Each structure stands twice: as structure tokens, then as C-alpha cells.
Amino acid sequence: MTITNSSQQPVKESHTEQQTIVTATTESSLFPTYARYPISLVKGKGSYLWDDKGNQYLDFMSGLAVTNLGHAPDGVIAKVKDQLDELWHVSNLFHIPAQEKAAALLTANTCADAVFFCNSGAEANEAAIKLARRYQQKVLGNGRYEIITFKQSFHGRTLATLTATGQDKVKEGFLPLPEGFVHVPLHDIPALKEAIGPHTAAIMLEMIQAEGGIHIVEPAFLAEVKALCEEHGLLLIMDEVQTGMGRTGKLFGHEHYGIEPDIFTVAKGIASGFPVGAMLGKGYLREAFTAGSHATTFGGTPLAMSAVLATVEIILEDNLPARAAEMGDYLIESLRTKLIDQDFVTEIRGQGLIVGIECKEAVGDIVLAGQKKGFLFVTAGPNVIRFLPNLYVTKEEIDTAVSLIAILIEEHVAAKAPLGGE
């Protein structure tokens, strides 16, 4: 029997002994918000993934810098399984011992004094924006609210964080955008000074503009940003959603600079794929985030914290930031050696295990060709190939990846060459 729903889409009615189940016959019941690759991944271990057809892939995406320990790490599996038998969720109206333990672990190993747990990078950045405004307005009483961010940045998909993002493409169709965000070019000190005004509350930036093309913040520029914050009474917010948890060769990217932020955020690599975000800040900011000022239902649950504790403990115990630095140097040097004569490549840059290969033209076709050879990686803007292997990646896996990308680029260039070689 076929019936029609309110949107006039055909649906099928099937019967069981207990209930009637109505299922749609359309191609998908999901909103088409993702341009998905034609692959269904069903299993992962370490640096490898398998699809539903049994094909194996070398993974240099890590779920976009999420699976820093590799896929299905045994130590995290064990702790999460133990927690599954005990308690999954309670409200934050109660004390959650694992949350206190995870926060203490993070503050003991960073410059932060307090942590707010949430569920994603966008939520962490939302919390940072709210904390900066509330500190200026409720604690200092000056009414400041503007956040200065940088062009080509990426801070999330909520209305506030996409407005903070310095890329117009994520903002189309979402007008009106919230007030209170100003964008200036990265490394442009005169423009930054010009943007600071009586309403400025904070400056927010990524240590590496990952989505924007793997652009690393210059030390002299960050030092000037810090000085301007101190001069004008601004908070310094660092978005470490992609650069945190050892990926750059330090536990957090800002540690390379010897400069401490007032607030910084993390998400992707903090729980090995379990949805967790965190905002970390200096102790004096506690006065702004008092009871009732900010909240989340699912942030910091016992189950989530088991994944955080296991992940962070492994990163620290195995000194994975140092390993990421070593393997990152090996990856970048291998790429430069292998691609030195390839004119299609204009620059290879990165820090630790976040590496970009900038090319003369769009590289989307190279990503698709890589998938056909069992190699997964992603772009960082239209012209940059982005490598994000897990922090346990081996030299042998790097050698395989470098050889594959050299072949893929060579084949791409040959396919684009005019007939006759002209």
C-alpha cells in the first residue's frame, strides 16, 4: 500500500505485529547539507579505514583532525566500555566527578585555570565569545561587545561563529547576521590597529588557519596582537579547535609562541571521535561565568568524559606532541624532496601533522582520484591539499602517502596538458 505525506512524497506502509512503520521511498531522508563522497566507511583501525565493499584506505584526514590517536584506539575503547556499564548521562545540576578530573588534567597541563565542557568546536567558540562579552560588560562594566577576527578564518557554523568566520561563503542566505564582529587581514597590523575601537572586547584568531589554506600565524604578529590586547584591555581568544591536542607538535598551538591566551578552545582531537568541545580560560574569568550564565545539557557527561580522560592521558603519557613534531618534519621534508621538480606545486607548509600542499589550481579532482587509489585526504580551500594523519602515523605510512600524492599530481598535470605537448 502506498500513501502520501503532507509534502506529497510517496511513502510505503508496512506492518508488524506491534505497530505500523511508515518509511519514505525517496533517495534520502537527510537534508543535503554535505557534498558527500561516494564512499560508505564502516570500519577503522589505526591509520586505515574500510568501506562497505571491503576496500581499504590509508587515512590522512583523521575525520578532519579528530582521530588523533588513530581509529578505534584500544585505550579509549576500554574506558568508554567500562563507563557504558556504569552511567551515561546526568544533568550538570549535579557534580560529575569525571568532569572535575578531566578539567583538572587539562588545567594541570596548560596555562588555563578553568574549563567549560560542551559538545563541539562551534559551541566552544560560542562560549568563548559569550565569556569575553560578559567579562567586559558584567565584571568590568564597560559595555564592550565587538570581537575582531581575521579574513580566511573559520570558527564554526552557528550564527555567531559563522559571523566570526572570515569567509563570506559560509554566510550566504543567513542574513541578518549578529552584530559585533569585525574582520581584518591576517598579519596586517595597521588594519588591526584601525579596527580597535571603544566597543572592542577581544581579538580572536587561529594559530593555523586550517580551513583557510594552512596559514601559520607569524610570531612577530602574535606578539603585537598580545601587546595590543594589553594596551587596550582586550581579551585574547585562541581557536585551537583543529590545532589542539598535540597536532602541531605541542599540546596546543599557542605553546610554540610563548604567549598565553586569556581564553582558548578545543574540540576535534580531545575525545578520539566522541563529540566533545571545551573552552578553557584564566581564573579571573570565573567571575563572569557564574551560575546560570551559560549551560549545556549534554556537555561533560560521564560517558563523554571517559573518552576525554582516556584520550588526553594517552597523548600525555606517550608524548604524542613530540612525536607529531618529528613525524611532521619527516612528512614535510619528504614532500619537498619528492615534489621539488613539480611546477604544479607552489608551496609546502605546515606545522607538526597539519600540512598543506599549495597548487596552481583547484585540487578537488586530485582528492577524488586519491580515493580511487585507496588514499584519503582533504582540501584547505580550493588550491591546497591538506594532510592530517593521526599522531601515531609511521614513516612507512608517510612514505606511501608521499609516493601516492606524487603520482596523483603527476597524473593530474598530464591529464590537463594540451595535446601535442604545446
# chains A, B, ... in the order shown; residues from 1 in each chain; ligands from 1

$ residues_around --residues "Asn125 in chain A" --least-positions-apart "3" --cutoff "8 Å" --atoms "only C-alpha atoms" --output "list in words"
Gly121, Ala122, Ala128, Ile129, His155, Gly156, Thr161, Asp239, Thr265 and Met279 of chain A

$ residues_around --residues "Arg286 in chain A" --least-positions-apart "5" --cutoff "12 Å" --atoms "only C-alpha atoms" --output "tab-separated table (two decimals) with N, CA, C and O atoms, in the first residue's frame"
chain	number	residue	atom	x	y	z
A	112	ALA	N	45.65	27.31	31.42
A	112	ALA	CA	44.28	27.62	31.85
A	112	ALA	C	44.07	27.25	33.31
A	112	ALA	O	44.78	26.42	33.88
A	113	ASP	N	43.06	27.87	33.90
A	113	ASP	CA	42.67	27.60	35.28
A	113	ASP	C	41.27	27.02	35.40
A	113	ASP	O	40.92	26.48	36.45
A	114	ALA	N	40.46	27.16	34.35
A	114	ALA	CA	39.07	26.70	34.41
A	114	ALA	C	38.64	26.22	33.03
A	114	ALA	O	39.14	26.69	32.00
A	115	VAL	N	37.69	25.27	33.03
A	115	VAL	CA	37.24	24.64	31.79
A	115	VAL	C	35.71	24.61	31.76
A	115	VAL	O	35.07	24.35	32.79
A	116	PHE	N	35.14	24.85	30.59
A	116	PHE	CA	33.71	24.62	30.35
A	116	PHE	C	33.59	23.58	29.25
A	116	PHE	O	34.10	23.77	28.14
A	131	LEU	N	31.78	34.55	26.92
A	131	LEU	CA	32.59	34.84	28.11
A	131	LEU	C	33.30	36.19	27.96
A	131	LEU	O	33.35	36.98	28.91
A	132	ALA	N	33.86	36.45	26.78
A	132	ALA	CA	34.56	37.73	26.55
A	132	ALA	C	33.61	38.90	26.72
A	132	ALA	O	33.94	39.90	27.38
A	134	ARG	N	30.71	38.95	28.35
A	134	ARG	CA	30.18	39.04	29.71
A	134	ARG	C	31.24	39.57	30.69
A	134	ARG	O	30.92	40.31	31.62
A	135	TYR	N	32.49	39.19	30.48
A	135	TYR	CA	33.55	39.71	31.35
A	135	TYR	C	33.67	41.22	31.20
A	135	TYR	O	33.78	41.95	32.20
A	138	LYS	N	29.83	42.64	32.48
A	138	LYS	CA	29.34	42.39	33.83
A	138	LYS	C	30.41	42.57	34.90
A	138	LYS	O	30.11	42.96	36.03
A	139	VAL	N	31.67	42.25	34.55
A	139	VAL	CA	32.74	42.37	35.53
A	139	VAL	C	33.41	43.74	35.45
A	139	VAL	O	33.54	44.44	36.45
A	262	ASP	N	43.99	34.50	27.01
A	262	ASP	CA	43.03	34.58	28.13
A	262	ASP	C	42.04	33.43	28.05
A	262	ASP	O	41.63	32.88	29.06
A	263	ILE	N	41.66	33.10	26.80
A	263	ILE	CA	40.68	32.04	26.53
A	263	ILE	C	41.17	31.25	25.33
A	263	ILE	O	41.69	31.82	24.37
A	280	LEU	N	38.61	26.82	27.55
A	280	LEU	CA	39.50	26.94	28.69
A	280	LEU	C	39.86	28.41	28.89
A	280	LEU	O	40.02	29.15	27.91
A	281	GLY	N	40.01	28.82	30.14
A	281	GLY	CA	40.31	30.22	30.39
A	281	GLY	C	41.04	30.46	31.68
A	281	GLY	O	41.21	29.56	32.52
A	291	ALA	N	26.91	30.96	38.08
A	291	ALA	CA	25.79	30.04	37.92
A	291	ALA	C	24.66	30.68	37.13
A	291	ALA	O	24.22	31.79	37.43
A	293	SER	N	24.77	31.63	33.97
A	293	SER	CA	25.21	32.50	32.87
A	293	SER	C	25.40	31.73	31.57
A	293	SER	O	25.28	32.31	30.48
A	294	HIS	N	25.71	30.45	31.65
A	294	HIS	CA	25.90	29.64	30.45
A	294	HIS	C	25.67	28.18	30.83
A	294	HIS	O	25.92	27.79	31.97

$ residues_around --residues "Pro73 in chain A" --least-positions-apart "4" --cutoff "9 Å" --atoms "only C-alpha atoms" --output "ChimeraX atom specification"
/A:45-46,67,69,77-78,272,311

$ write_last_selection --atoms "N, CA, C and O atoms" --output "short mmCIF file (atom, residue, chain, number, x, y, z; two decimals), in the first residue's frame"
data_model
loop_
_atom_site.label_atom_id
_atom_site.label_comp_id
_atom_site.auth_asym_id
_atom_site.auth_seq_id
_atom_site.Cartn_x
_atom_site.Cartn_y
_atom_site.Cartn_z
N LYS A 45 40.77 1.24 11.90
CA LYS A 45 41.75 0.85 12.91
C LYS A 45 43.08 1.52 12.57
O LYS A 45 43.57 1.41 11.44
N GLY A 46 43.62 2.26 13.54
CA GLY A 46 44.88 2.94 13.31
C GLY A 46 44.78 3.94 12.18
O GLY A 46 43.94 4.83 12.17
N THR A 67 40.52 12.07 14.92
CA THR A 67 41.04 10.80 15.44
C THR A 67 42.56 10.88 15.59
O THR A 67 43.31 10.18 14.91
N LEU A 69 44.50 9.76 17.78
CA LEU A 69 45.12 8.52 18.22
C LEU A 69 44.96 7.40 17.20
O LEU A 69 45.29 6.25 17.48
N ILE A 77 38.72 2.80 23.90
CA ILE A 77 37.64 1.80 23.86
C ILE A 77 37.42 1.21 25.24
O ILE A 77 36.28 1.10 25.71
N ALA A 78 38.49 0.86 25.93
CA ALA A 78 38.37 0.20 27.23
C ALA A 78 37.67 1.10 28.24
O ALA A 78 36.77 0.65 28.97
N SER A 272 38.85 11.55 20.71
CA SER A 272 39.02 10.43 19.76
C SER A 272 37.77 10.15 18.92
O SER A 272 37.54 9.01 18.52
N THR A 311 41.74 9.81 26.19
CA THR A 311 42.47 10.42 25.07
C THR A 311 43.59 11.31 25.57
O THR A 311 44.74 11.21 25.10
#

$ closest_residue --among "A:Gly212, A:Gly63, A:Pro418, A:Pro302" --to "Pro382 in chain A" --atoms "only C-alpha atoms"
A:Gly212

$ residues_around --residues "His215 in chain A" --least-positions-apart "3" --cutoff "12 Å" --atoms "only C-alpha atoms" --output "VMD selection string"
chain A and resid 150 to 154 185 to 187 205 to 212 218 243 347 to 351 354 to 358 380 to 381 384 386

$ residues_around --residues "Ala369 in chain A" --least-positions-apart "6" --cutoff "9 Å" --atoms "only C-alpha atoms" --output "list in words"
Phe375, Leu408 and His412 of chain A

$ closest_residue --among "A:Leu391, A:Ala271, A:Ala324, A:Ala127" --to "Ala310 in chain A" --atoms "only C-alpha atoms"
A:Ala271

$ select_by_dssp --residues "range 239-383 of chain A" --states "helix (DSSP H, G or I)" --output "PyMOL selection string"
chain A and resi 253-256+283-287+302-317+320-338+364-372

$ write_last_selection --atoms "C-alpha atoms" --output "compact mmCIF listing (two decimals), in the first residue's frame"
# COMPACT_ATOMS: atom_id res chain seq x y z
CA GLY A 253 49.48 25.55 19.07
CA HIS A 254 49.98 28.70 21.12
CA GLU A 255 52.72 26.96 23.11
CA HIS A 256 55.04 27.45 20.12
CA GLY A 283 40.95 32.00 36.61
CA TYR A 284 39.89 35.65 36.82
CA LEU A 285 37.23 34.93 34.20
CA ARG A 286 35.30 32.75 36.65
CA GLU A 287 33.70 35.93 37.94
CA PRO A 302 30.20 10.86 32.37
CA LEU A 303 30.36 9.00 29.06
CA ALA A 304 31.94 11.92 27.21
CA MET A 305 34.44 12.50 29.99
CA SER A 306 35.59 8.88 29.89
CA ALA A 307 36.63 9.45 26.27
CA VAL A 308 38.33 12.74 27.13
CA LEU A 309 40.25 11.31 30.06
CA ALA A 310 41.47 8.31 28.09
CA THR A 311 42.47 10.42 25.07
CA VAL A 312 44.30 13.14 26.98
CA GLU A 313 46.07 10.66 29.25
CA ILE A 314 47.35 8.70 26.24
CA ILE A 315 48.51 11.88 24.47
CA LEU A 316 50.48 12.93 27.55
CA GLU A 317 51.80 9.50 28.55
CA LEU A 320 52.45 12.41 21.21
CA PRO A 321 53.03 16.14 20.62
CA ALA A 322 56.78 15.45 20.31
CA ARG A 323 56.04 12.54 18.01
CA ALA A 324 53.80 14.75 15.88
CA ALA A 325 56.65 17.26 15.58
CA GLU A 326 59.08 14.55 14.48
CA MET A 327 56.70 12.91 12.00
CA GLY A 328 55.57 16.29 10.73
CA ASP A 329 59.14 17.29 9.92
CA TYR A 330 59.62 13.97 8.15
CA LEU A 331 56.40 14.41 6.16
CA ILE A 332 57.17 17.98 5.06
CA GLU A 333 60.76 17.17 4.11
CA SER A 334 59.64 14.05 2.20
CA LEU A 335 57.06 16.06 0.28
CA ARG A 336 59.55 18.79 -0.59
CA THR A 337 62.08 16.23 -1.78
CA LYS A 338 59.56 14.24 -3.82
CA GLY A 364 39.28 18.71 -5.90
CA ASP A 365 39.87 16.24 -8.75
CA ILE A 366 43.08 15.07 -7.08
CA VAL A 367 41.16 14.29 -3.88
CA LEU A 368 38.69 12.14 -5.85
CA ALA A 369 41.49 10.40 -7.74
CA GLY A 370 43.18 9.64 -4.43
CA GLN A 371 40.09 7.88 -3.16
CA LYS A 372 40.18 5.55 -6.16

$ select_by_dssp --residues "range 141-216 of chain A" --states "strand (DSSP E)" --output "number ranges by chain"
A: 146-150, 181-184, 200-206, 208-209, 215-216

$ closest_residue --among "A:Ala227, A:Ile270, A:Ser47, A:Leu140" --to "Lys395 in chain A" --atoms "only C-alpha atoms"
A:Ser47

$ residues_around --residues "Tyr48 in chain A" --least-positions-apart "3" --cutoff "9 Å" --atoms "only C-alpha atoms" --output "compact mmCIF listing (two decimals) with N, CA and C atoms, in the first residue's frame"
# COMPACT_ATOMS: atom_id res chain seq x y z
N LYS A 43 34.41 0.71 8.94
CA LYS A 43 35.34 0.17 9.92
C LYS A 43 36.64 0.95 9.85
N GLY A 44 37.30 1.11 11.03
CA GLY A 44 38.59 1.77 11.06
C GLY A 44 39.47 1.21 12.15
N LYS A 45 40.77 1.24 11.90
CA LYS A 45 41.75 0.85 12.91
C LYS A 45 43.08 1.52 12.57
N GLN A 56 40.12 -0.95 1.28
CA GLN A 56 40.92 -0.36 2.35
C GLN A 56 41.47 0.99 1.91
N TYR A 57 41.54 1.94 2.86
CA TYR A 57 42.03 3.29 2.58
C TYR A 57 43.06 3.71 3.61
N LEU A 58 44.16 4.30 3.15
CA LEU A 58 45.10 4.97 4.04
C LEU A 58 44.51 6.34 4.36
N ASP A 59 44.30 6.61 5.65
CA ASP A 59 43.55 7.79 6.07
C ASP A 59 44.49 8.91 6.49
N PHE A 60 44.57 9.96 5.67
CA PHE A 60 45.31 11.18 6.03
C PHE A 60 44.35 12.35 6.22
N GLY A 70 44.43 7.72 16.03
CA GLY A 70 44.07 6.71 15.06
C GLY A 70 42.66 6.21 15.33
N HIS A 71 42.15 5.40 14.44
CA HIS A 71 40.78 4.91 14.58
C HIS A 71 40.70 3.81 15.64

$ closest_residue --among "A:His95, A:Phe274, A:Leu228, A:Glu146" --to "Val80 in chain A" --atoms "only C-alpha atoms"
A:Phe274

$ residues_around --residues "Asp51 in chain A" --least-positions-apart "6" --cutoff "8 Å" --atoms "only C-alpha atoms" --output "PyMOL selection string"
chain A and resi 39-43
